[in-house]
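File shown: start-v7.tsv. Contents: TSV, C-alpha atoms.
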```tsv
chain	number	residue	atom	x	y	z
W	13	MET	CA	97.33	97.84	122.62
W	14	THR	CA	99.88	100.45	123.70
W	15	ALA	CA	101.65	100.33	127.06
W	16	PRO	CA	99.64	103.30	128.49
W	17	ALA	CA	96.33	101.68	127.42
W	18	GLN	CA	97.32	98.34	128.92
W	19	ALA	CA	98.24	100.11	132.13
W	20	LEU	CA	94.61	101.10	132.74
W	21	ASP	CA	93.84	97.52	133.77
W	22	LEU	CA	96.74	97.27	136.25
W	23	PRO	CA	97.05	98.12	139.96
W	24	PRO	CA	98.26	101.73	140.57
W	25	GLU	CA	101.91	100.86	141.30
W	26	MET	CA	102.16	98.60	138.22
W	27	ARG	CA	100.32	101.19	136.13
W	28	ARG	CA	102.94	103.85	136.94
W	29	ALA	CA	105.73	101.45	135.99
W	30	ALA	CA	104.09	100.55	132.66
W	31	VAL	CA	103.50	104.19	131.71
W	32	SER	CA	107.03	105.20	132.65
W	33	ALA	CA	108.39	102.30	130.60
W	34	ALA	CA	106.73	103.82	127.53
W	35	GLU	CA	108.39	107.20	128.07
W	36	PRO	CA	112.14	107.70	127.60
W	37	VAL	CA	114.03	108.85	130.66
W	38	ARG	CA	114.95	112.52	130.13
W	39	VAL	CA	118.58	113.18	131.06
W	40	CYS	CA	119.86	116.75	131.35
W	41	PHE	CA	123.56	117.33	130.59
W	42	PRO	CA	124.39	120.92	131.63
W	43	PHE	CA	127.79	122.40	130.74
W	44	SER	CA	129.25	125.62	132.16
W	45	GLY	CA	131.80	127.76	130.37
W	46	ASP	CA	132.74	127.12	126.75
W	47	SER	CA	136.03	125.21	126.76
W	48	VAL	CA	135.93	121.75	125.20
W	49	GLY	CA	137.76	118.93	126.98
W	50	GLY	CA	137.77	115.21	127.56
W	51	SER	CA	134.53	115.27	129.56
W	52	HIS	CA	132.61	116.57	126.55
W	53	LEU	CA	134.01	113.85	124.30
W	54	SER	CA	133.12	111.21	126.89
W	55	VAL	CA	129.54	112.48	127.12
W	56	LEU	CA	129.27	112.57	123.33
W	57	GLY	CA	130.39	108.93	123.16
W	58	LEU	CA	127.87	108.01	125.85
W	59	ILE	CA	124.96	109.73	124.10
W	60	GLU	CA	125.79	108.06	120.79
W	61	HIS	CA	125.31	104.66	122.49
W	62	LEU	CA	122.20	105.42	124.53
W	63	ASP	CA	119.09	103.51	123.46
W	64	PRO	CA	116.77	106.29	122.14
W	65	ALA	CA	113.74	104.23	123.09
W	66	ARG	CA	114.83	104.37	126.74
W	67	TYR	CA	116.74	107.65	127.10
W	68	ARG	CA	116.34	111.20	125.82
W	69	ALA	CA	119.55	113.25	126.21
W	70	VAL	CA	119.34	117.06	126.27
W	71	ILE	CA	122.43	119.30	126.34
W	72	VAL	CA	122.16	122.62	128.20
W	73	PRO	CA	125.19	124.76	127.25
W	74	GLU	CA	125.91	128.03	129.03
W	75	VAL	CA	126.91	129.57	125.70
W	76	PRO	CA	124.36	129.08	122.89
W	77	GLU	CA	126.07	128.24	119.59
W	78	GLY	CA	129.46	128.18	121.32
W	79	ARG	CA	132.18	125.55	121.07
W	80	ILE	CA	130.43	123.09	123.39
W	81	ALA	CA	127.14	123.53	121.55
W	82	GLN	CA	128.93	122.76	118.28
W	83	VAL	CA	130.44	119.53	119.68
W	84	PHE	CA	126.88	118.36	120.43
W	85	ALA	CA	125.39	119.73	117.22
W	86	GLY	CA	123.43	116.54	116.58
W	87	VAL	CA	121.94	116.35	120.08
W	88	ALA	CA	118.82	118.11	121.41
W	89	GLN	CA	119.74	121.35	123.20
W	90	LEU	CA	118.03	123.90	125.42
W	91	PRO	CA	119.46	127.25	126.58
W	92	ASP	CA	120.69	127.67	130.15
W	93	PRO	CA	117.98	129.74	131.90
W	94	ALA	CA	120.56	131.41	134.16
W	95	ALA	CA	123.42	132.02	131.72
W	96	ARG	CA	125.36	135.21	132.44
W	97	GLY	CA	127.44	137.44	130.22
W	98	ARG	CA	130.61	136.87	132.25
W	99	LEU	CA	131.86	133.31	132.07
W	100	PHE	CA	134.07	131.38	134.42
W	101	VAL	CA	137.77	132.22	134.01
W	102	PRO	CA	140.19	129.27	134.59
W	103	GLY	CA	142.33	129.90	137.64
W	104	GLU	CA	140.01	132.56	139.03
W	105	ALA	CA	139.51	132.29	142.80
W	106	PHE	CA	136.08	131.26	144.05
W	107	GLY	CA	135.19	134.46	145.91
W	108	ALA	CA	132.00	136.03	147.22
W	109	ARG	CA	131.07	137.47	143.82
W	110	LYS	CA	131.37	134.11	142.06
W	111	PHE	CA	129.40	132.44	144.86
W	112	GLY	CA	126.67	135.06	144.45
W	113	ARG	CA	126.47	134.44	140.70
W	114	THR	CA	126.19	130.70	141.30
W	115	LEU	CA	123.53	131.07	143.97
W	116	GLY	CA	121.53	133.48	141.84
W	117	GLY	CA	121.11	130.81	139.17
W	118	VAL	CA	119.62	128.18	141.47
W	119	TRP	CA	115.96	129.25	141.25
W	120	PRO	CA	115.69	129.72	137.47
W	121	ARG	CA	117.47	126.39	136.94
W	122	MET	CA	115.22	124.65	139.42
W	123	ARG	CA	112.11	125.95	137.62
W	124	PHE	CA	113.64	124.96	134.28
W	125	LEU	CA	114.23	121.36	135.40
W	126	LYS	CA	110.67	121.06	136.67
W	127	ARG	CA	109.16	122.64	133.57
W	128	GLU	CA	111.11	120.40	131.20
W	129	ARG	CA	110.27	117.32	133.31
W	130	PHE	CA	113.80	115.96	133.53
W	131	ASP	CA	114.28	112.63	135.28
W	132	ILE	CA	118.05	112.88	135.88
W	133	VAL	CA	120.67	115.63	135.89
W	134	HIS	CA	124.12	114.34	134.90
W	135	VAL	CA	126.87	116.87	135.74
W	136	ASN	CA	130.35	116.28	134.36
W	137	ASP	CA	132.67	118.96	135.73
W	138	GLY	CA	133.15	120.99	138.88
W	139	ARG	CA	131.66	124.25	137.65
W	140	SER	CA	128.55	122.56	136.25
W	141	SER	CA	128.14	120.68	139.52
W	142	ALA	CA	128.29	123.96	141.46
W	143	ASN	CA	125.73	125.56	139.13
W	144	TRP	CA	123.24	122.72	138.82
W	145	ALA	CA	123.42	120.17	141.67
W	146	LEU	CA	121.55	122.25	144.26
W	147	ALA	CA	118.94	123.33	141.70
W	148	ALA	CA	118.35	119.70	140.76
W	149	ARG	CA	117.91	118.54	144.34
W	150	LEU	CA	115.48	121.40	145.06
W	151	ALA	CA	113.56	120.39	141.94
W	152	GLY	CA	113.43	116.81	143.17
W	153	VAL	CA	115.54	115.52	140.25
W	154	PRO	CA	118.23	112.89	141.04
W	155	VAL	CA	121.82	113.99	140.41
W	156	ILE	CA	124.65	111.94	138.96
W	157	TRP	CA	127.89	113.67	139.91
W	158	HIS	CA	130.50	112.51	137.40
W	159	HIS	CA	133.86	113.34	138.93
W	160	ARG	CA	136.86	113.59	136.63
W	161	GLY	CA	139.24	115.42	138.94
W	162	ASN	CA	141.33	115.04	142.05
W	163	PRO	CA	139.73	113.28	145.04
W	164	ASP	CA	140.60	116.30	147.18
W	165	ALA	CA	138.40	118.61	145.09
W	166	LEU	CA	136.32	120.85	147.35
W	167	GLY	CA	133.00	120.08	145.66
W	168	LEU	CA	133.49	116.32	145.86
W	169	ARG	CA	134.43	116.50	149.53
W	170	LEU	CA	131.84	119.00	150.78
W	171	ALA	CA	128.92	119.20	148.35
W	172	ALA	CA	128.68	115.74	146.77
W	173	PRO	CA	127.84	113.93	150.05
W	174	LEU	CA	124.71	116.11	150.33
W	175	LEU	CA	123.71	116.87	146.74
W	176	ALA	CA	124.72	113.80	144.69
W	177	ASN	CA	122.46	110.77	144.48
W	178	ARG	CA	125.25	108.85	142.79
W	179	VAL	CA	128.93	109.64	142.17
W	180	LEU	CA	130.79	108.19	139.19
W	181	THR	CA	134.55	108.61	139.01
W	182	VAL	CA	136.88	108.01	136.08
W	183	SER	CA	139.36	105.99	138.15
W	184	ALA	CA	139.85	104.43	141.56
W	185	PHE	CA	142.32	107.23	142.28
W	186	ALA	CA	139.52	109.80	141.86
W	187	LEU	CA	137.11	108.08	144.28
W	188	PRO	CA	135.96	110.12	147.31
W	189	ARG	CA	137.98	109.41	150.40
W	190	PRO	CA	136.05	107.55	153.14
W	191	GLY	CA	135.00	109.50	156.21
W	192	LEU	CA	132.10	110.66	158.35
W	193	TRP	CA	131.15	113.23	155.70
W	194	SER	CA	131.86	111.52	152.42
W	195	ALA	CA	130.24	110.38	149.18
W	196	ALA	CA	132.35	107.20	149.15
W	197	GLY	CA	129.35	105.00	149.98
W	198	LYS	CA	127.50	106.02	146.81
W	199	ALA	CA	130.44	106.11	144.39
W	200	ASP	CA	131.47	103.77	141.57
W	201	VAL	CA	134.38	103.72	139.14
W	202	VAL	CA	133.33	104.11	135.51
W	203	HIS	CA	136.27	104.52	133.16
W	204	SER	CA	135.88	107.07	130.39
W	205	PRO	CA	134.77	105.70	127.00
W	206	PHE	CA	136.97	105.51	123.92
W	207	ASP	CA	136.53	104.59	120.30
W	208	THR	CA	138.32	101.25	120.55
W	209	ASP	CA	137.91	100.67	116.79
W	210	LEU	CA	140.15	103.65	116.11
W	211	VAL	CA	142.97	102.90	113.66
W	212	VAL	CA	145.82	105.23	112.71
W	213	ASP	CA	148.32	104.53	109.94
W	214	ARG	CA	151.28	105.36	112.16
W	215	VAL	CA	153.83	105.11	109.34
W	216	ALA	CA	151.99	107.66	107.19
W	217	ALA	CA	151.19	109.91	110.16
W	218	ARG	CA	154.81	109.89	111.31
W	219	ALA	CA	156.04	110.70	107.83
W	220	GLU	CA	153.72	113.70	107.71
W	221	LEU	CA	154.87	114.93	111.12
W	222	VAL	CA	158.58	114.44	110.37
W	223	ALA	CA	158.17	116.34	107.10
W	224	GLU	CA	156.44	119.22	108.88
W	225	LEU	CA	159.14	119.35	111.55
W	226	GLY	CA	161.92	119.16	109.00
W	227	VAL	CA	163.92	116.69	111.08
W	228	ALA	CA	165.85	113.60	110.03
W	229	SER	CA	163.76	110.48	109.50
W	230	ASP	CA	165.80	108.61	112.14
W	231	SER	CA	165.05	111.21	114.80
W	232	PHE	CA	162.85	109.98	117.66
W	233	VAL	CA	159.70	112.06	118.05
W	234	LEU	CA	158.37	112.24	121.60
W	235	GLY	CA	154.96	113.80	122.17
W	236	TYR	CA	153.33	115.78	124.97
W	237	PHE	CA	149.56	116.14	124.60
W	238	GLY	CA	147.34	118.22	126.84
W	239	ALA	CA	146.77	121.65	128.28
W	240	PHE	CA	149.80	123.58	129.47
W	241	VAL	CA	148.90	123.65	133.14
W	242	PRO	CA	151.13	123.00	136.19
W	243	ARG	CA	149.53	119.64	137.04
W	244	LYS	CA	150.48	118.22	133.64
W	245	ARG	CA	154.11	119.31	134.11
W	246	PRO	CA	154.91	120.75	130.66
W	247	LEU	CA	158.20	122.21	131.94
W	248	LEU	CA	159.29	118.76	133.13
W	249	PHE	CA	158.75	117.45	129.60
W	250	VAL	CA	161.16	120.13	128.36
W	251	ASP	CA	163.73	119.08	130.98
W	252	ALA	CA	163.44	115.42	129.95
W	253	ILE	CA	164.06	116.27	126.29
W	254	ALA	CA	167.09	118.32	127.34
W	255	LYS	CA	168.54	115.35	129.25
W	256	LEU	CA	167.99	112.99	126.31
W	257	ARG	CA	169.71	115.43	123.93
W	258	ALA	CA	172.58	115.85	126.41
W	259	ALA	CA	173.01	112.05	126.34
W	260	GLY	CA	173.40	112.19	122.55
W	261	ILE	CA	170.01	110.67	121.73
W	262	PRO	CA	168.48	112.39	118.66
W	263	VAL	CA	165.02	113.26	119.96
W	264	THR	CA	162.57	115.98	119.03
W	265	GLY	CA	159.85	116.94	121.49
W	266	VAL	CA	156.47	118.02	120.14
W	267	MET	CA	153.96	119.70	122.42
W	268	PHE	CA	150.34	119.56	121.30
W	269	GLY	CA	148.01	121.73	123.34
W	270	GLU	CA	147.59	125.27	124.58
W	271	ALA	CA	147.90	127.25	127.77
W	272	ARG	CA	144.76	128.23	129.64
W	273	VAL	CA	146.37	131.36	131.01
W	274	PRO	CA	148.91	133.62	129.22
W	275	ALA	CA	151.38	133.41	132.11
W	276	MET	CA	151.85	129.68	131.57
W	277	GLN	CA	152.43	130.13	127.85
W	278	GLU	CA	155.12	132.71	128.59
W	279	ALA	CA	156.70	130.51	131.26
W	280	LEU	CA	156.88	127.57	128.85
W	281	HIS	CA	158.63	129.55	126.12
W	282	ARG	CA	161.04	131.09	128.64
W	283	HIS	CA	161.92	127.61	129.91
W	284	ILE	CA	162.48	126.27	126.40
W	285	ASP	CA	164.86	129.16	125.73
W	286	ALA	CA	166.62	128.79	129.10
W	287	THR	CA	167.35	125.11	128.47
W	288	GLY	CA	168.56	125.77	124.95
W	289	MET	CA	165.87	123.55	123.49
W	290	GLY	CA	164.53	126.02	120.95
W	291	GLU	CA	165.44	123.71	118.05
W	292	ALA	CA	164.59	120.44	119.80
W	293	ILE	CA	161.09	121.29	121.01
W	294	ARG	CA	158.19	122.47	118.87
W	295	VAL	CA	154.97	123.88	120.30
W	296	MET	CA	152.35	122.61	117.84
W	297	GLY	CA	149.14	124.10	119.27
W	298	TYR	CA	145.81	122.34	119.64
W	299	ARG	CA	144.98	119.92	116.81
W	300	SER	CA	142.16	117.54	116.07
W	301	PRO	CA	141.88	114.62	115.80
W	302	GLY	CA	144.44	114.23	118.56
W	303	ALA	CA	144.71	110.46	118.15
W	304	TYR	CA	146.17	110.92	114.66
W	305	TRP	CA	149.04	113.03	115.98
W	306	ILE	CA	149.55	110.71	118.95
W	307	GLY	CA	149.93	107.91	116.41
W	308	ALA	CA	152.51	110.01	114.57
W	309	CYS	CA	154.81	110.07	117.62
W	310	ASP	CA	157.30	107.37	118.56
W	311	GLN	CA	156.32	107.73	122.21
W	312	LEU	CA	153.71	109.52	124.29
W	313	VAL	CA	155.31	111.11	127.35
W	314	VAL	CA	152.99	111.82	130.29
W	315	PRO	CA	154.78	113.70	133.10
W	316	ALA	CA	151.46	114.69	134.73
W	317	VAL	CA	151.12	114.23	138.49
W	318	GLY	CA	147.76	113.64	140.17
W	319	GLU	CA	146.03	113.10	136.83
W	320	PRO	CA	142.69	111.33	137.50
W	321	PHE	CA	142.63	109.57	134.14
W	322	GLY	CA	144.20	110.98	130.98
W	323	ARG	CA	142.45	110.48	127.66
W	324	THR	CA	145.61	110.82	125.60
W	325	LEU	CA	147.24	107.94	127.46
W	326	VAL	CA	144.45	105.51	126.55
W	327	GLU	CA	144.26	106.84	122.98
W	328	ALA	CA	147.98	106.10	122.64
W	329	MET	CA	147.37	102.53	123.83
W	330	ILE	CA	144.61	102.08	121.24
W	331	VAL	CA	146.60	103.41	118.25
W	332	GLY	CA	149.82	101.59	119.23
W	333	THR	CA	152.03	104.39	120.53
W	334	PRO	CA	154.10	103.28	123.55
W	335	VAL	CA	153.68	105.31	126.74
W	336	VAL	CA	156.11	106.61	129.35
W	337	ALA	CA	154.30	108.17	132.31
W	338	ALA	CA	154.79	109.37	135.86
W	339	ARG	CA	153.85	106.79	138.49
W	340	SER	CA	151.03	108.93	139.83
W	341	GLY	CA	147.24	109.18	139.90
W	342	GLY	CA	145.25	107.38	137.24
W	343	ASN	CA	148.38	106.70	135.16
W	344	ILE	CA	149.11	103.70	137.41
W	345	GLU	CA	145.62	102.29	136.91
W	346	ALA	CA	145.66	102.75	133.13
W	347	LEU	CA	149.05	101.10	132.66
W	348	GLN	CA	148.58	98.29	135.17
W	349	GLY	CA	150.27	95.02	134.29
W	350	GLY	CA	153.35	96.45	132.59
W	351	ILE	CA	151.68	97.80	129.45
W	352	GLY	CA	153.61	101.06	129.72
W	353	VAL	CA	156.67	102.46	131.44
W	354	LEU	CA	155.99	104.12	134.81
W	355	VAL	CA	158.70	106.31	136.34
W	356	GLU	CA	159.23	108.35	139.48
W	357	PRO	CA	157.07	111.51	139.34
W	358	ASP	CA	158.61	114.99	139.18
W	359	ASP	CA	161.97	113.55	138.11
W	360	ALA	CA	163.19	114.64	134.68
W	361	ALA	CA	166.10	112.19	134.77
W	362	ALA	CA	163.77	109.26	135.48
W	363	LEU	CA	161.41	110.39	132.71
W	364	ALA	CA	164.31	110.62	130.25
W	365	ALA	CA	165.60	107.19	131.33
W	366	GLY	CA	162.17	105.65	130.70
W	367	CYS	CA	162.11	107.12	127.19
W	368	ALA	CA	165.67	105.96	126.53
W	369	ARG	CA	164.78	102.44	127.64
W	370	LEU	CA	162.11	102.16	124.93
W	371	ILE	CA	164.30	103.79	122.31
W	372	GLY	CA	167.02	101.22	122.99
W	373	ASN	CA	164.78	98.13	122.87
W	374	ALA	CA	162.54	98.08	119.81
W	375	SER	CA	161.27	94.50	120.26
W	376	GLU	CA	160.22	95.07	123.89
W	377	THR	CA	158.55	98.31	122.90
W	378	MET	CA	156.54	96.70	120.10
W	379	ALA	CA	155.36	93.81	122.29
W	380	MET	CA	154.36	96.19	125.09
W	381	ALA	CA	152.38	98.39	122.69
W	382	GLN	CA	150.51	95.36	121.35
W	383	ARG	CA	149.55	94.24	124.87
W	384	ALA	CA	148.45	97.77	125.71
W	385	GLY	CA	146.19	97.92	122.65
W	386	ALA	CA	144.45	94.65	123.51
W	387	ASP	CA	143.97	95.76	127.11
W	388	ALA	CA	142.52	99.15	126.14
W	389	ARG	CA	140.03	97.63	123.73
W	390	HIS	CA	138.81	95.36	126.53
W	391	ARG	CA	138.61	97.88	129.38
W	392	PHE	CA	137.68	101.18	127.77
W	393	SER	CA	135.04	100.53	125.12
W	394	GLN	CA	132.12	102.93	124.69
W	395	ILE	CA	129.61	100.08	125.02
W	396	ARG	CA	131.00	99.02	128.38
W	397	HIS	CA	130.93	102.63	129.60
W	398	CYS	CA	127.34	103.07	128.41
W	399	ASP	CA	126.24	99.89	130.18
W	400	GLN	CA	127.74	101.09	133.46
W	401	VAL	CA	126.24	104.58	133.25
W	402	THR	CA	122.78	103.38	132.25
W	403	ALA	CA	122.82	100.99	135.19
W	404	ALA	CA	123.09	104.09	137.39
W	405	TYR	CA	120.33	105.79	135.37
W	406	ALA	CA	117.99	102.83	135.84
W	407	ARG	CA	118.62	102.87	139.56
W	408	LEU	CA	117.79	106.58	139.88
W	409	ALA	CA	114.97	106.90	137.34
W	410	GLY	CA	112.77	104.68	139.49
W	411	ARG	CA	112.85	107.35	142.22
W	412	ARG	CA	110.95	109.81	140.04
```

Structure re-expressed in structure tokens:
Amino acid sequence: MTAPAQALDLPPEMRRAAVSAAEPVRVCFPFSGDSVGGSHLSVLGLIEHLDPARYRAVIVPEVPEGRIAQVFAGVAQLPDPAARGRLFVPGEAFGARKFGRTLGGVWPRMRFLKRERFDIVHVNDGRSSANWALAARLAGVPVIWHHRGNPDALGLRLAAPLLANRVLTVSAFALPRPGLWSAAGKADVVHSPFDTDLVVDRVAARAELVAELGVASDSFVLGYFGAFVPRKRPLLFVDAIAKLRAAGIPVTGVMFGEARVPAMQEALHRHIDATGMGEAIRVMGYRSPGAYWIGACDQLVVPAVGEPFGRTLVEAMIVGTPVVAARSGGNIEALQGGIGVLVEPDDAAALAAGCARLIGNASETMAMAQRAGADARHRFSQIRHCDQVTAAYARLAGRR
């Protein structure tokens, strides 16, 4: 006898529970814009580990057949009912016009959530939270607000206390600050998931990178990975390379990523020229898979300040690339216990000294990288992440 048929002989409250147990919980993952980042990879890893008998994931991209839609090509998708022709522009101020566009999408999204009978809306970035959280609450659908940014973010401080049923943050640093109006009481830390079985042949990858760069095989290759945005301090990376070269250490800096606004791209190239590092620093662009190129580097250098929790840092730990990072934000949490070198933030000399320390002590560097790999495989597995998120789902699904 099926669960719904058995439920006919049960009291009403037990009958509802039995019927709902036979139906997967429908989780809506809306995404605004069309830029792919770490949040999309984290969600993809989560969905791949969800039990299909219990959960039905549906992606709602703002751009049909765009880059985000392609990342989730194997996942069920529905079009955003309030998608507009003009997308969000990174760095654009949140003015009256943008507020009007956001507010205008509330009613069609609310009707959409009701019509599609979603049980949970799981938002994963600030813009998607602004577009969907109010619509979900008006539709009576619980909201998981997955915060991957700074704890001082406006949405987390002002909107999440009212609109979020549960807040998940990628690090303790990113947790909402306590206060009279705060989401701190309904927030949990859930570290982002990683493929902890990932293996990179670092010798072969390094040989490929060195050949492409055309540098001597004994040159030390230091990598910067991430968007060229002020918070990640790409200009500070350039300054650190300049200080290492001035000290006579044969290093080459490689910068994997791209600028989100043309002004930053221009500023980076001007700074490289001004420091005379045109031959010592190569801008490599965005490449995938990033972990392969991280494995090709002798060190990952993370000058970012206020970073909630960087994916590249953990990927470096997994593939065995030692890390030098600013003592700031989620970097401290990721490298706890001496499994990386933490230095004073916004200090190019300190960053260069941290890199030089690893270059000058190969045995210490190897032992540290091995400890970091073991720690990352324990703390950041996709299965552990899935267990933590589905615990939140189970808690909220019962409210429907």

Open item on the list: Can you pull out the residues contacting W:Leu248? Cut-off 6 Å, using only C-alpha atoms, and skip same-chain residues under 3 positions away; I want them as an MDAnalysis selection string.
Closed with: chainID W and resid 245 251 360

Closest pair table for stretch 260-359 of chain W residues within 12 Å of stretch 203-226 of chain W, all atoms listed in the file, as JSON lines:
```
{"residue": "W:Val263", "atom": "CA", "partner": "W:Val222", "partner_atom": "CA", "distance": 11.6}
{"residue": "W:Thr264", "atom": "CA", "partner": "W:Leu225", "partner_atom": "CA", "distance": 8.9}
{"residue": "W:Gly265", "atom": "CA", "partner": "W:Leu225", "partner_atom": "CA", "distance": 10.3}
{"residue": "W:Val266", "atom": "CA", "partner": "W:Leu225", "partner_atom": "CA", "distance": 9.1}
{"residue": "W:Glu291", "atom": "CA", "partner": "W:Leu225", "partner_atom": "CA", "distance": 10.0}
{"residue": "W:Ala292", "atom": "CA", "partner": "W:Leu225", "partner_atom": "CA", "distance": 9.9}
{"residue": "W:Ile293", "atom": "CA", "partner": "W:Leu225", "partner_atom": "CA", "distance": 9.9}
{"residue": "W:Arg294", "atom": "CA", "partner": "W:Leu225", "partner_atom": "CA", "distance": 8.0}
{"residue": "W:Val295", "atom": "CA", "partner": "W:Leu225", "partner_atom": "CA", "distance": 10.7}
{"residue": "W:Met296", "atom": "CA", "partner": "W:Leu225", "partner_atom": "CA", "distance": 9.8}
{"residue": "W:Pro301", "atom": "CA", "partner": "W:Val212", "partner_atom": "CA", "distance": 10.6}
{"residue": "W:Gly302", "atom": "CA", "partner": "W:Val212", "partner_atom": "CA", "distance": 10.8}
{"residue": "W:Ala303", "atom": "CA", "partner": "W:Val212", "partner_atom": "CA", "distance": 7.6}
{"residue": "W:Tyr304", "atom": "CA", "partner": "W:Val212", "partner_atom": "CA", "distance": 6.0}
{"residue": "W:Trp305", "atom": "CA", "partner": "W:Ala217", "partner_atom": "CA", "distance": 6.9}
{"residue": "W:Ile306", "atom": "CA", "partner": "W:Arg214", "partner_atom": "CA", "distance": 8.8}
{"residue": "W:Gly307", "atom": "CA", "partner": "W:Arg214", "partner_atom": "CA", "distance": 5.1}
{"residue": "W:Ala308", "atom": "CA", "partner": "W:Arg218", "partner_atom": "CA", "distance": 4.0}
{"residue": "W:Cys309", "atom": "CA", "partner": "W:Arg218", "partner_atom": "CA", "distance": 6.3}
{"residue": "W:Asp310", "atom": "CA", "partner": "W:Arg218", "partner_atom": "CA", "distance": 8.1}
{"residue": "W:Gln311", "atom": "CA", "partner": "W:Arg218", "partner_atom": "CA", "distance": 11.2}
{"residue": "W:Pro320", "atom": "CA", "partner": "W:His203", "partner_atom": "CA", "distance": 10.3}
{"residue": "W:Phe321", "atom": "CA", "partner": "W:Ser204", "partner_atom": "CA", "distance": 8.1}
{"residue": "W:Gly322", "atom": "CA", "partner": "W:Ser204", "partner_atom": "CA", "distance": 9.2}
{"residue": "W:Arg323", "atom": "CA", "partner": "W:Ser204", "partner_atom": "CA", "distance": 7.9}
{"residue": "W:Thr324", "atom": "CA", "partner": "W:Phe206", "partner_atom": "CA", "distance": 10.3}
{"residue": "W:Leu325", "atom": "CA", "partner": "W:Phe206", "partner_atom": "CA", "distance": 11.1}
{"residue": "W:Val326", "atom": "CA", "partner": "W:Phe206", "partner_atom": "CA", "distance": 7.9}
{"residue": "W:Glu327", "atom": "CA", "partner": "W:Phe206", "partner_atom": "CA", "distance": 7.5}
{"residue": "W:Ala328", "atom": "CA", "partner": "W:Val212", "partner_atom": "CA", "distance": 10.2}
{"residue": "W:Met329", "atom": "CA", "partner": "W:Thr208", "partner_atom": "CA", "distance": 9.7}
{"residue": "W:Ile330", "atom": "CA", "partner": "W:Thr208", "partner_atom": "CA", "distance": 6.4}
{"residue": "W:Val331", "atom": "CA", "partner": "W:Val211", "partner_atom": "CA", "distance": 5.9}
{"residue": "W:Gly332", "atom": "CA", "partner": "W:Arg214", "partner_atom": "CA", "distance": 8.1}
{"residue": "W:Thr333", "atom": "CA", "partner": "W:Arg214", "partner_atom": "CA", "distance": 8.5}
{"residue": "W:Pro334", "atom": "CA", "partner": "W:Arg214", "partner_atom": "CA", "distance": 11.9}
{"residue": "W:Gly342", "atom": "CA", "partner": "W:His203", "partner_atom": "CA", "distance": 10.3}
{"residue": "W:Glu345", "atom": "CA", "partner": "W:His203", "partner_atom": "CA", "distance": 10.3}
{"residue": "W:Ala346", "atom": "CA", "partner": "W:His203", "partner_atom": "CA", "distance": 9.6}
```

Open item on the list: Can you pull out the residues contacting stretch 273-283 of chain W? Cut-off 7 Å, using all atoms listed in the file, and skip same-chain residues under 6 positions away; I want them as a PyMOL selection string.
Closed with: chain W and resi 240-241+247

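For the residues W:Ala364, W:Ile351, W:Ala65, W:Val179, ranking by smallest atom-to-atom distance to W:Asp387 using only C-alpha atoms places W:Ile351 first.
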
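Using only C-alpha atoms, the smallest distance between any of W:Leu234, W:Val118, W:Ala171, W:Leu180 and W:Thr402 comes from W:Leu180.
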
What's around W:Arg68 at 7 Å? Count only C-alpha atoms, leave out sequence neighbours fewer than 5 positions away in its own chain, and write the answer as a short mmCIF file (atom, residue, chain, number, x, y, z; two decimals) with C-alpha atoms, keeping the file's coordinate frame.
```cif
data_model
loop_
_atom_site.label_atom_id
_atom_site.label_comp_id
_atom_site.auth_asym_id
_atom_site.auth_seq_id
_atom_site.Cartn_x
_atom_site.Cartn_y
_atom_site.Cartn_z
CA PRO W 36 112.14 107.70 127.60
CA VAL W 37 114.03 108.85 130.66
CA ARG W 38 114.95 112.52 130.13
CA VAL W 39 118.58 113.18 131.06
#
```

Open item on the list: Report as a PyMOL selection string all protein, DNA and RNA residues lying within 8 Å of stretch 151-161 of chain W, evaluated on all atoms listed in the file, omitting residues in the same chain fewer than 3 positions from it.
Closed with: chain W and resi 51+122-123+125-126+130-138+141+145+147-148+165+168+172+175-182+186+319-321+408-409+411-412

Task: Cut-off 7 Å around (145.1, 125.0, 126.4) with all atoms listed in the file: residues as number ranges by chain - done: W: 239-240, 269-272

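With distances taken over all atoms listed in the file, W:Leu58 is the one residue among W:Leu58, W:Ala259, W:Val313, W:Ala195 lying closest to W:Gln400.
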
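For the atom pair formed by atom CA of W:Gly341 and atom CA of W:Gly318, the distance is 4.5 Å, given to one decimal.
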
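Using all atoms listed in the file, the shortest contact distance between W:Ala142 and any of W:Pro64, W:Pro262, W:Gly197, W:Gly117 is found at W:Gly117.
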
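Between atom CA of W:Phe185 and atom CA of W:Pro173 the separation is 17.7 Å.
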
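Taking atom CA of W:Ile284 and atom CA of W:Ser47 as the two end points, the separation is 26.5 Å.
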
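Comparing the minimum interatomic distances between W:Asp285 and each of W:Ala254, W:Leu115, W:Ile371, W:Ile59, counting all atoms listed in the file, we find that W:Ala254 sits nearest.
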
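The nearest approach to W:Asp230 among the residues W:Met267, W:Ala94, W:Val70, W:Ile261, with all atoms listed in the file taken into account, belongs to W:Ile261.
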
Task: Test item: residues at most 10 Å from W:Ala362, all atoms listed in the file, excluding those fewer than 6 positions along its chain, as a ChimeraX atom specification - done: /W:252,255,338,354-356,368
